[in-house]
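Content type mmCIF, C-alpha atoms and all ligand atoms, from the file start26.cif:
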data_protein
#
loop_
_atom_site.label_atom_id
_atom_site.label_comp_id
_atom_site.auth_asym_id
_atom_site.auth_seq_id
_atom_site.Cartn_x
_atom_site.Cartn_y
_atom_site.Cartn_z
CA MET A 1 0.00 0.00 0.00
CA ILE A 2 1.49 3.33 -1.04
CA ASN A 3 -0.39 6.27 0.44
CA PRO A 4 -1.23 9.21 -1.76
CA SER A 5 -0.09 12.68 -0.75
CA ARG A 6 -1.90 14.18 2.23
CA ARG A 7 -2.82 17.24 0.19
CA LEU A 8 -5.32 15.09 -1.74
CA GLU A 9 -7.40 14.64 1.40
CA HIS A 10 -8.79 18.14 0.93
CA LEU A 11 -9.46 17.85 -2.75
CA THR A 12 -12.85 16.23 -2.97
CA THR A 13 -15.75 17.46 -0.96
CA SER A 14 -17.92 14.72 0.45
CA VAL A 15 -20.96 16.64 -0.83
CA PHE A 16 -19.93 16.37 -4.47
CA SER A 17 -18.96 12.70 -4.19
CA GLU A 18 -22.17 11.79 -2.39
CA MET A 19 -24.30 13.52 -5.02
CA ALA A 20 -22.35 11.94 -7.87
CA GLY A 21 -22.81 8.48 -6.34
CA ARG A 22 -26.55 8.94 -5.85
CA LYS A 23 -26.95 10.27 -9.38
CA ARG A 24 -25.11 7.28 -10.86
CA GLU A 25 -27.35 4.95 -8.86
CA LYS A 26 -30.52 6.56 -10.26
CA LEU A 27 -29.21 6.54 -13.82
CA SER A 28 -28.19 2.88 -13.56
CA GLN A 29 -31.78 2.10 -12.55
CA GLY A 30 -32.86 3.71 -15.83
CA ILE A 31 -34.67 6.56 -14.03
CA ASP A 32 -35.21 9.67 -16.15
CA MET A 33 -33.30 12.57 -14.56
CA ILE A 34 -33.20 16.26 -15.44
CA ASP A 35 -29.65 17.23 -14.66
CA LEU A 36 -29.29 20.86 -13.60
CA SER A 37 -26.24 20.27 -11.45
CA ILE A 38 -23.29 21.26 -13.65
CA GLY A 39 -22.63 24.52 -15.48
CA SER A 40 -21.71 22.81 -18.70
CA PRO A 41 -23.38 24.50 -21.69
CA ASP A 42 -25.90 22.23 -23.44
CA GLN A 43 -25.53 23.96 -26.82
CA PRO A 44 -22.72 23.94 -29.42
CA PRO A 45 -20.38 26.81 -30.36
CA PRO A 46 -21.51 29.03 -33.27
CA GLN A 47 -21.39 27.38 -36.68
CA HIS A 48 -18.68 29.73 -38.07
CA VAL A 49 -16.39 28.75 -35.17
CA ARG A 50 -16.92 25.03 -35.68
CA LYS A 51 -16.24 25.44 -39.39
CA ILE A 52 -12.79 26.96 -38.73
CA PHE A 53 -12.06 24.22 -36.21
CA ALA A 54 -12.99 21.52 -38.75
CA GLU A 55 -10.77 23.10 -41.43
CA GLU A 56 -7.82 23.42 -39.06
CA VAL A 57 -8.13 19.82 -37.89
CA LEU A 58 -7.57 18.70 -41.49
CA ARG A 59 -4.31 20.62 -41.88
CA ASP A 60 -1.07 18.63 -41.66
CA HIS A 61 0.73 21.19 -39.51
CA SER A 62 -1.98 21.36 -36.85
CA TYR A 63 -0.60 18.52 -34.78
CA GLN A 64 2.66 19.98 -33.53
CA TYR A 65 3.07 21.08 -29.92
CA ALA A 66 1.58 24.53 -29.68
CA ILE A 67 3.85 25.31 -26.66
CA ASN A 68 2.43 28.83 -26.40
CA SER A 69 -0.45 30.86 -27.70
CA THR A 70 -0.28 32.09 -31.27
CA GLN A 71 0.18 35.80 -31.88
CA ALA A 72 -3.25 35.71 -33.57
CA PHE A 73 -4.86 34.44 -30.36
CA ASN A 74 -3.32 37.16 -28.19
CA GLU A 75 -4.37 39.81 -30.70
CA ALA A 76 -7.88 38.34 -30.80
CA VAL A 77 -8.19 38.72 -27.01
CA VAL A 78 -7.00 42.33 -27.28
CA TYR A 79 -9.62 42.97 -29.98
CA PHE A 80 -12.38 41.24 -27.99
CA TYR A 81 -11.65 43.25 -24.84
CA LYS A 82 -11.74 46.51 -26.78
CA GLU A 83 -14.94 45.65 -28.66
CA ARG A 84 -16.91 44.04 -25.85
CA TYR A 85 -15.67 45.76 -22.70
CA GLY A 86 -14.10 48.99 -23.97
CA VAL A 87 -10.81 47.96 -22.35
CA GLU A 88 -7.45 48.59 -24.06
CA ILE A 89 -4.74 46.02 -23.42
CA GLN A 90 -1.62 44.97 -25.32
CA PRO A 91 -0.76 41.41 -26.54
CA PRO A 92 1.96 40.78 -23.88
CA SER A 93 -0.77 41.26 -21.28
CA VAL A 94 -2.43 38.00 -22.36
CA LEU A 95 -1.53 34.54 -21.08
CA GLN A 96 -3.40 31.68 -22.72
CA LEU A 97 -4.84 28.95 -20.50
CA MET A 98 -6.37 25.52 -21.01
CA GLY A 99 -9.63 26.96 -19.73
CA SER A 100 -9.67 29.41 -16.83
CA GLN A 101 -9.64 26.37 -14.53
CA ASP A 102 -6.02 25.78 -15.56
CA GLY A 103 -5.02 29.25 -14.42
CA LEU A 104 -7.09 29.22 -11.25
CA ALA A 105 -5.82 25.77 -10.28
CA HIS A 106 -2.19 26.80 -10.64
CA ILE A 107 -2.13 30.44 -9.58
CA ALA A 108 -1.67 29.62 -5.90
CA LEU A 109 1.26 27.31 -6.72
CA ALA A 110 2.82 30.14 -8.70
CA TYR A 111 2.43 32.69 -5.89
CA LEU A 112 2.04 31.10 -2.47
CA ASP A 113 4.35 29.41 -0.02
CA GLU A 114 3.40 27.79 3.26
CA GLY A 115 2.01 30.39 5.64
CA ASP A 116 0.88 32.68 2.82
CA VAL A 117 -2.83 33.35 2.64
CA ILE A 118 -5.37 33.47 -0.16
CA ILE A 119 -8.73 35.13 0.51
CA VAL A 120 -11.61 33.36 -1.22
CA PRO A 121 -15.38 33.83 -1.32
CA ASP A 122 -17.63 31.48 0.63
CA PRO A 123 -19.69 30.19 -1.10
CA GLY A 124 -17.36 30.05 -4.07
CA TYR A 125 -16.39 27.97 -7.07
CA PRO A 126 -14.52 24.94 -5.61
CA ILE A 127 -11.14 25.45 -7.33
CA TYR A 128 -10.65 28.66 -5.31
CA SER A 129 -10.05 26.69 -2.15
CA ALA A 130 -8.62 23.61 -3.92
CA CYS A 131 -5.79 25.71 -5.42
CA ALA A 132 -4.69 26.66 -1.91
CA HIS A 133 -4.72 23.02 -0.80
CA ILE A 134 -2.64 22.07 -3.82
CA ALA A 135 -0.12 24.76 -2.91
CA GLY A 136 -0.15 24.04 0.83
CA ALA A 137 -1.20 27.64 1.49
CA GLU A 138 -3.65 28.99 4.03
CA LEU A 139 -7.23 29.92 3.21
CA TYR A 140 -9.29 32.76 4.59
CA TYR A 141 -12.97 32.57 3.69
CA VAL A 142 -14.93 35.76 3.31
CA SER A 143 -18.59 35.05 3.75
CA LEU A 144 -21.09 36.13 1.07
CA THR A 145 -24.57 36.57 2.47
CA GLU A 146 -27.91 37.52 1.00
CA GLU A 147 -28.10 40.54 3.37
CA ASN A 148 -24.92 41.85 1.71
CA GLN A 149 -26.17 41.03 -1.80
CA PHE A 150 -23.49 38.31 -1.80
CA MET A 151 -20.72 40.93 -1.71
CA PRO A 152 -17.71 40.51 0.60
CA ASP A 153 -17.49 42.71 3.68
CA LEU A 154 -13.80 43.65 3.48
CA ASP A 155 -13.92 45.39 6.88
CA VAL A 156 -14.28 42.11 8.76
CA ILE A 157 -11.00 40.70 7.43
CA PRO A 158 -8.52 40.64 10.35
CA ASP A 159 -5.30 42.67 10.12
CA ASP A 160 -3.13 39.57 10.41
CA ILE A 161 -4.85 38.08 7.34
CA LYS A 162 -4.50 41.30 5.36
CA GLU A 163 -0.81 41.24 6.13
CA ARG A 164 -0.20 37.63 5.13
CA ALA A 165 -2.58 37.48 2.16
CA LYS A 166 -0.97 37.70 -1.26
CA LEU A 167 -4.01 36.78 -3.35
CA MET A 168 -7.75 37.38 -3.21
CA ILE A 169 -10.36 35.92 -5.57
CA ALA A 170 -13.50 37.72 -6.74
CA ASN A 171 -16.00 36.37 -9.25
CA TYR A 172 -18.72 38.37 -11.04
CA PRO A 173 -21.17 37.29 -12.38
CA GLY A 174 -20.82 34.92 -9.47
CA ASN A 175 -20.92 31.18 -9.30
CA PRO A 176 -22.91 30.02 -7.40
CA THR A 177 -24.52 33.25 -6.11
CA ALA A 178 -25.10 35.10 -9.44
CA ALA A 179 -23.90 38.32 -7.75
CA LEU A 180 -22.87 41.18 -10.05
CA ALA A 181 -20.30 43.84 -9.22
CA ASP A 182 -20.74 47.48 -10.14
CA LYS A 183 -17.98 50.06 -10.53
CA SER A 184 -17.94 50.97 -6.86
CA ASP A 185 -17.60 47.31 -5.83
CA PHE A 186 -14.56 46.97 -8.07
CA GLU A 187 -13.13 50.30 -6.86
CA GLU A 188 -13.36 49.06 -3.29
CA LEU A 189 -11.62 45.80 -4.20
CA ILE A 190 -8.86 47.60 -6.06
CA GLN A 191 -8.30 49.96 -3.14
CA PHE A 192 -8.14 46.95 -0.82
CA GLY A 193 -5.58 45.27 -3.08
CA MET A 194 -3.47 48.45 -3.26
CA ASP A 195 -3.65 49.13 0.48
CA HIS A 196 -2.54 45.65 1.48
CA ASN A 197 -0.36 44.62 -1.46
CA ILE A 198 -2.73 41.83 -2.48
CA LEU A 199 -3.15 40.64 -6.07
CA ILE A 200 -6.86 40.58 -6.88
CA LEU A 201 -7.83 37.68 -9.16
CA HIS A 202 -11.07 38.46 -10.92
CA ASP A 203 -12.76 35.40 -12.39
CA PHE A 204 -14.87 36.70 -15.29
CA ALA A 205 -15.87 33.28 -16.70
CA TYR A 206 -19.53 34.33 -17.11
CA SER A 207 -18.66 37.70 -18.65
CA GLU A 208 -21.13 37.48 -21.52
CA LEU A 209 -24.17 36.21 -19.63
CA LEU A 210 -26.05 39.28 -18.43
CA PHE A 211 -29.78 39.84 -18.49
CA ASP A 212 -32.29 42.66 -18.90
CA GLY A 213 -29.93 44.81 -20.96
CA ARG A 214 -27.10 44.86 -18.40
CA GLU A 215 -23.61 45.44 -19.80
CA PRO A 216 -20.55 43.33 -18.87
CA LEU A 217 -18.04 45.04 -16.59
CA SER A 218 -14.38 44.04 -16.69
CA ILE A 219 -12.31 44.93 -13.61
CA PHE A 220 -9.99 46.69 -16.05
CA SER A 221 -12.72 49.25 -16.75
CA ILE A 222 -11.61 50.79 -13.47
CA PRO A 223 -8.56 53.08 -13.76
CA GLY A 224 -5.59 51.72 -11.82
CA ALA A 225 -6.86 48.11 -11.75
CA GLU A 226 -3.76 46.92 -13.61
CA LYS A 227 -1.63 47.85 -10.58
CA THR A 228 -3.25 45.20 -8.37
CA ALA A 229 -5.53 42.92 -10.41
CA ILE A 230 -5.55 40.30 -13.11
CA GLU A 231 -8.64 38.90 -14.83
CA PHE A 232 -9.40 35.32 -15.91
CA ASN A 233 -11.75 34.70 -18.79
CA SER A 234 -12.74 31.82 -20.95
CA LEU A 235 -14.54 30.75 -24.09
CA SER A 236 -16.30 27.92 -22.24
CA LYS A 237 -19.50 29.70 -21.29
CA SER A 238 -19.43 32.67 -23.66
CA PHE A 239 -19.06 30.54 -26.80
CA ASN A 240 -20.16 27.11 -25.56
CA MET A 241 -16.60 25.83 -25.97
CA ALA A 242 -16.28 24.24 -22.51
CA GLY A 243 -14.93 20.92 -23.82
CA ALA A 244 -12.44 22.61 -26.13
CA ARG A 245 -10.45 23.90 -23.11
CA ILE A 246 -9.34 27.38 -23.94
CA GLY A 247 -9.24 30.51 -21.82
CA TYR A 248 -6.83 33.25 -20.80
CA VAL A 249 -5.75 35.60 -18.07
CA ILE A 250 -4.97 39.23 -18.72
CA GLY A 251 -3.03 41.79 -16.73
CA ASP A 252 0.36 43.36 -16.23
CA PRO A 253 2.92 40.92 -17.73
CA HIS A 254 4.85 40.99 -14.42
CA PHE A 255 1.83 39.52 -12.67
CA LEU A 256 1.38 36.85 -15.36
CA GLN A 257 5.03 35.80 -15.46
CA PRO A 258 5.05 33.41 -12.44
CA LEU A 259 2.09 31.51 -13.85
CA ALA A 260 3.69 31.43 -17.32
CA VAL A 261 6.89 29.95 -15.85
CA LEU A 262 4.97 27.27 -13.96
CA LYS A 263 2.85 26.40 -16.98
CA SER A 264 5.92 26.08 -19.20
CA HIS A 265 6.66 22.96 -17.12
CA LEU A 266 3.11 21.67 -16.90
CA ASP A 267 1.76 21.65 -20.43
CA TYR A 268 2.62 22.23 -24.07
CA GLY A 269 -0.18 24.58 -24.95
CA VAL A 270 -3.63 24.37 -26.46
CA PHE A 271 -4.32 22.28 -29.60
CA LEU A 272 -3.73 24.67 -32.53
CA PRO A 273 -7.16 24.12 -34.19
CA VAL A 274 -8.78 25.09 -30.88
CA GLN A 275 -6.68 28.25 -30.81
CA GLN A 276 -7.73 29.08 -34.36
CA ALA A 277 -11.40 28.43 -33.55
CA ALA A 278 -11.03 30.73 -30.54
CA VAL A 279 -9.59 33.47 -32.77
CA GLU A 280 -12.66 33.15 -34.98
CA ALA A 281 -14.98 33.33 -31.95
CA LEU A 282 -13.25 36.36 -30.44
CA THR A 283 -13.03 38.36 -33.66
CA GLY A 284 -16.01 37.09 -35.66
CA ASP A 285 -19.67 38.01 -35.73
CA PHE A 286 -20.90 38.82 -32.21
CA THR A 287 -24.59 38.30 -33.04
CA PHE A 288 -24.25 34.91 -31.40
CA LEU A 289 -23.43 36.54 -28.07
CA GLU A 290 -26.68 38.53 -28.07
CA GLN A 291 -28.71 35.42 -28.91
CA HIS A 292 -26.82 33.42 -26.32
CA CYS A 293 -27.73 35.91 -23.59
CA GLN A 294 -31.34 35.91 -24.71
CA THR A 295 -31.47 32.11 -24.51
CA TYR A 296 -30.36 32.15 -20.88
CA GLU A 297 -32.56 35.12 -20.05
CA ARG A 298 -35.63 33.30 -21.43
CA ARG A 299 -34.68 30.18 -19.48
CA ARG A 300 -34.31 32.24 -16.32
CA ASN A 301 -37.72 33.87 -16.87
CA VAL A 302 -39.49 30.58 -17.55
CA PHE A 303 -37.86 28.77 -14.65
CA VAL A 304 -38.18 31.47 -11.98
CA GLN A 305 -41.82 31.94 -12.95
CA ALA A 306 -42.49 28.20 -12.91
CA LEU A 307 -40.96 28.02 -9.42
CA GLN A 308 -43.11 30.95 -8.32
CA GLU A 309 -46.20 29.16 -9.59
CA ILE A 310 -45.41 26.12 -7.44
CA GLY A 311 -44.94 28.38 -4.42
CA TRP A 312 -41.14 28.66 -4.31
CA ASN A 313 -39.96 32.27 -4.53
CA VAL A 314 -36.32 32.31 -5.49
CA ARG A 315 -33.96 35.23 -6.08
CA GLN A 316 -33.99 36.10 -9.77
CA PRO A 317 -30.44 36.10 -11.18
CA ASP A 318 -29.37 39.17 -13.21
CA GLY A 319 -26.63 37.23 -14.95
CA GLY A 320 -24.61 34.03 -15.03
CA MET A 321 -25.84 30.52 -15.51
CA PHE A 322 -27.35 29.68 -12.14
CA VAL A 323 -30.31 30.16 -9.85
CA TRP A 324 -29.07 30.31 -6.24
CA ALA A 325 -32.18 29.24 -4.41
CA LYS A 326 -32.87 29.29 -0.69
CA VAL A 327 -34.41 25.96 0.26
CA PRO A 328 -37.63 25.78 2.32
CA SER A 329 -36.76 26.00 6.03
CA HIS A 330 -37.56 22.37 6.84
CA TYR A 331 -34.74 21.28 4.52
CA SER A 332 -30.95 21.45 4.66
CA SER A 333 -29.08 21.93 1.36
CA MET A 334 -28.33 18.21 1.20
CA SER A 335 -31.74 16.93 2.25
CA PHE A 336 -33.37 19.16 -0.39
CA ALA A 337 -30.95 18.00 -3.10
CA LEU A 338 -31.62 14.37 -2.18
CA ALA A 339 -35.39 14.91 -2.23
CA ALA A 340 -35.06 16.62 -5.64
CA LEU A 341 -32.99 13.67 -6.86
CA ASP A 342 -35.75 11.29 -5.80
CA ALA A 343 -38.18 13.50 -7.72
CA GLY A 344 -35.97 13.26 -10.85
CA VAL A 345 -34.06 16.56 -10.77
CA VAL A 346 -30.35 16.89 -10.07
CA VAL A 347 -29.26 20.12 -8.35
CA THR A 348 -26.12 20.91 -6.35
CA PRO A 349 -26.40 21.40 -2.57
CA GLY A 350 -25.15 24.85 -1.62
CA ASN A 351 -22.77 23.58 1.07
CA ALA A 352 -20.64 22.03 -1.70
CA PHE A 353 -19.45 25.61 -2.31
CA GLY A 354 -18.54 26.33 1.32
CA ASN A 355 -20.18 26.56 4.73
CA SER A 356 -22.03 29.77 3.88
CA GLY A 357 -23.77 27.91 1.07
CA GLU A 358 -25.76 25.90 3.60
CA GLY A 359 -29.48 26.53 3.18
CA TYR A 360 -29.23 26.97 -0.61
CA VAL A 361 -29.08 24.85 -3.74
CA ARG A 362 -27.54 25.82 -7.06
CA ILE A 363 -29.61 25.13 -10.14
CA ALA A 364 -27.93 25.46 -13.53
CA LEU A 365 -30.00 26.75 -16.46
CA VAL A 366 -28.48 24.17 -18.79
CA GLN A 367 -31.63 22.62 -20.24
CA ASN A 368 -34.24 23.99 -22.61
CA GLU A 369 -37.36 25.80 -21.41
CA GLU A 370 -39.60 22.73 -21.59
CA LYS A 371 -37.21 20.70 -19.43
CA LEU A 372 -36.93 23.54 -16.94
CA LYS A 373 -40.73 23.70 -16.65
CA GLU A 374 -40.81 19.96 -16.19
CA ALA A 375 -38.10 20.25 -13.50
CA ALA A 376 -40.22 22.81 -11.62
CA HIS A 377 -43.21 20.49 -11.92
CA ARG A 378 -41.19 17.63 -10.40
CA ILE A 379 -39.87 19.86 -7.59
CA LYS A 380 -43.46 20.82 -6.69
CA ALA A 381 -43.94 17.37 -5.17
CA ILE A 382 -41.20 17.90 -2.57
CA LEU A 383 -41.87 21.47 -1.39
C1 LIG B 401 -16.75 30.60 -11.81
C2 LIG B 401 -16.04 29.68 -12.73
N1 LIG B 401 -14.77 29.95 -13.02
C3 LIG B 401 -14.06 29.15 -13.83
C4 LIG B 401 -14.62 28.01 -14.37
C5 LIG B 401 -13.77 27.13 -15.24
O1 LIG B 401 -14.16 27.19 -16.55
P1 LIG B 401 -13.19 26.87 -17.76
O2 LIG B 401 -11.97 26.20 -17.22
O3 LIG B 401 -13.97 25.98 -18.64
O4 LIG B 401 -12.85 28.20 -18.36
C6 LIG B 401 -15.95 27.70 -14.11
C7 LIG B 401 -16.56 26.49 -14.67
O5 LIG B 401 -17.64 26.08 -14.37
C8 LIG B 401 -16.68 28.56 -13.25
O6 LIG B 401 -17.94 28.30 -12.94
#
Could you rewrite the structure in this file as structure tokens?
Amino acid sequence: MINPSRRLEHLTTSVFSEMAGRKREKLSQGIDMIDLSIGSPDQPPPQHVRKIFAEEVLRDHSYQYAINSTQAFNEAVVYFYKERYGVEIQPPSVLQLMGSQDGLAHIALAYLDEGDVIIVPDPGYPIYSACAHIAGAELYYVSLTEENQFMPDLDVIPDDIKERAKLMIANYPGNPTAALADKSDFEELIQFGMDHNILILHDFAYSELLFDGREPLSIFSIPGAEKTAIEFNSLSKSFNMAGARIGYVIGDPHFLQPLAVLKSHLDYGVFLPVQQAAVEALTGDFTFLEQHCQTYERRRNVFVQALQEIGWNVRQPDGGMFVWAKVPSHYSSMSFALAALDAGVVVTPGNAFGNSGEGYVRIALVQNEEKLKEAAHRIKAIL
């Protein structure tokens, strides 16, 4: 018996493994399930993007190690940021990633030693705490509550933590909470980063999913952000390219360098046809992005209304891919998720995202409107 490293002990939450096991059991019994548990887009990338990918796959030279991003990719990100977010950056300020997960998983290894602290939101996307476990660093959780509109209260962070923290993660539109930041929220974060010499990592993975005419807001829209922040983004959700594994982080090249050095030992870059498809997505016709938003907005409307009709009033998300729903008071997160599973709907218990997620479930809008109505109908039986 050879024991695995102790750092693995922290890497799976019992909540996720229990839910996965129960789901497998149901599926093996041939029970029809509506799976709203994972934020994996159910639709394909735009046709023009797939066409470029298909052409590139047929080229002889496409199969070499990419090693790094192509110049065309970096320029495409620069173009996209200018067109979509009104933000001017230069190509050296782009580091390509195999999805933003790649960057988020490794950023703590690139920056933190034992005893260093990373401040992460609770509830938050699981890699935020996992990256600290991988690096052997210390975590400080900042609680996001409904009373605070799921925004961190920076004043409660102890002085000792502010001193030892080198990194802090923020994520808008938020997963799982669907919180959105406005300019003043970002200004406060940037000031906090500047005051305490903390690198702010903004995870902007849901940048294009905003409803009711809201406009995306990059942290780099705020003057001075480049002095203390970097921003992760991805084509996974914006262009339905989740399985193609391509994303990027932007910011001052000095801040990107440690991650670039680490990655030069970890991987040999993104498959060239995927890079070319990403260039097409980032520089091509943006009509898709408007339609994409509308699809999720319609799903949100149909689902939130269907839940209202069955007597469950949930907070309506203004963006992102999820409904973050408070469970009826006689349930815990887990007992509700298990009851929903028995009723044929898979949702994620909120405590899988941290202790402050207790009392909620996360429901992903990753099925069509009919399925979402059917899911609400099934949930009615357990309220
Ligand atoms: C908040 C958030 N950040 C990052 C990711 C990682 O996405 P990707 O690696 O596909 O870019 C996800 C995926 O679900 C996410 O929800």
Specify the axis-aligned box that encloses all atoms of ligand LIG 401 (chain B) listed in the file after padding of 6 Å on each side, stating its centre and edge lengths in Å to one decimal as lines of an AutoDock Vina configuration file.
center_x = -15.0
center_y = 28.3
center_z = -15.2
size_x = 18.0
size_y = 16.6
size_z = 18.8
**Item:** Neighbour list for Asn313 in chain A as a list in words, cut-off 10 Å, only C-alpha atoms, skip fewer than 3 positions in-chain
**Value:**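 What passes the distance filter is Val304, Gln305, Ala306, Leu307, Gln308, Glu309, Ile310, Gln316, Ala325, Lys326, Val327 and Pro328 of chain A.
Between CA of Lys373 in chain A and CA of Met33 in chain A the separation is 13.5 Å.
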**Request:** Have a look at CA of Glu138 in chain A and CA of Thr13 in chain A and let me know their distance in Å, one decimal.
**Result:**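 Straight-line distance from CA of Glu138 in chain A to CA of Thr13 in chain A works out to 17.4 Å.
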**Message:** Which residues are near ligand LIG 401 (chain B) - at most 9 Å, using all atoms listed in the file? Format: as JSON, numbers by chain.
**Reply:** {"A": [38, 39, 40, 97, 98, 99, 100, 101, 102, 103, 104, 124, 125, 126, 127, 128, 171, 172, 173, 174, 175, 176, 203, 204, 205, 206, 232, 233, 234, 235, 236, 237, 241, 242, 243, 244, 245, 246, 247, 248, 321]}
**Complete:** Shortest contact to Ser221 in chain A, candidates A:Ile89, A:Ile2, A:Leu365, A:Val302, atoms counted all atoms listed in the file, goes to A:Ile89
**Message:** Neighbouring residues of Phe286 in chain A were defined as those with any atom within 12 Å, considering all atoms listed in the file; residues of the same chain fewer than 5 positions away were excluded. Please report them as a ChimeraX atom specification.
**Reply:** /A:46,48-49,80,83-84,208,238-239,280-281,291-293
**Asked** Which is closer to Met334 in chain A than all the others in A:Arg22, A:Arg300, A:His254, A:Lys51, using all atoms listed in the file?
**Response**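 Between A:Arg22, A:Arg300, A:His254, A:Lys51, the residue approaching Met334 in chain A most closely is A:Arg22.
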**Message:** Counting only C-alpha atoms, which residue out of A:Lys227, A:Phe220, A:Ala54, A:Ser264 sits closest to Val87 in chain A?
**Reply:** A:Phe220
**Contact residues around Glu187 in chain A with all atoms listed in the file at 12 Å, ignoring same-chain residues under 3 positions, as number ranges by chain** = A: 181-184, 190-194, 200, 218-225, 228-229
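For the set A:His330, A:Asp285, A:Asn240, A:Glu369, the residue with the smallest atom-to-atom gap to Asp42 in chain A is A:Asn240, counting only C-alpha atoms.
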**Prompt:** For the atom pair CA of Leu189 in chain A and CA of Glu114 in chain A, what is the interatomic distance in Å to one decimal place?
**Reply:**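 CA of Glu114 in chain A lies at a distance of 24.6 Å from CA of Leu189 in chain A.
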Would you list the contacts of Ile119 in chain A as a compact mmCIF listing (two decimals) with C-alpha atoms, in the frame of the given file, taking every protein, DNA or RNA residue within 6 Å and counting all atoms listed in the file, but skipping same-chain residues closer than 5 positions in sequence?
# COMPACT_ATOMS: atom_id res chain seq x y z
CA TYR A 140 -9.29 32.76 4.59
CA TYR A 141 -12.97 32.57 3.69
CA MET A 168 -7.75 37.38 -3.21
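Closest approach to Tyr79 in chain A among A:Ala105, A:Leu282, A:Ile230, A:Val323: A:Leu282, based on all atoms listed in the file.
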**Prompt:** From the list A:Leu11, A:Leu154, A:Val361, A:Val274, which residue is nearest Trp324 in chain A when using all atoms listed in the file?
**Reply:**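 The shortest atom-to-atom distance to Trp324 in chain A comes from A:Val361.
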**Prompt:** Could you name the residues that touch Leu341 in chain A at 9 Å or less, counting all atoms listed in the file, but leaving out those on the same chain fewer than 4 positions away, as a PyMOL selection string?
**Reply:** chain A and resi 19+22-23+26+33-34+336-337+345-347
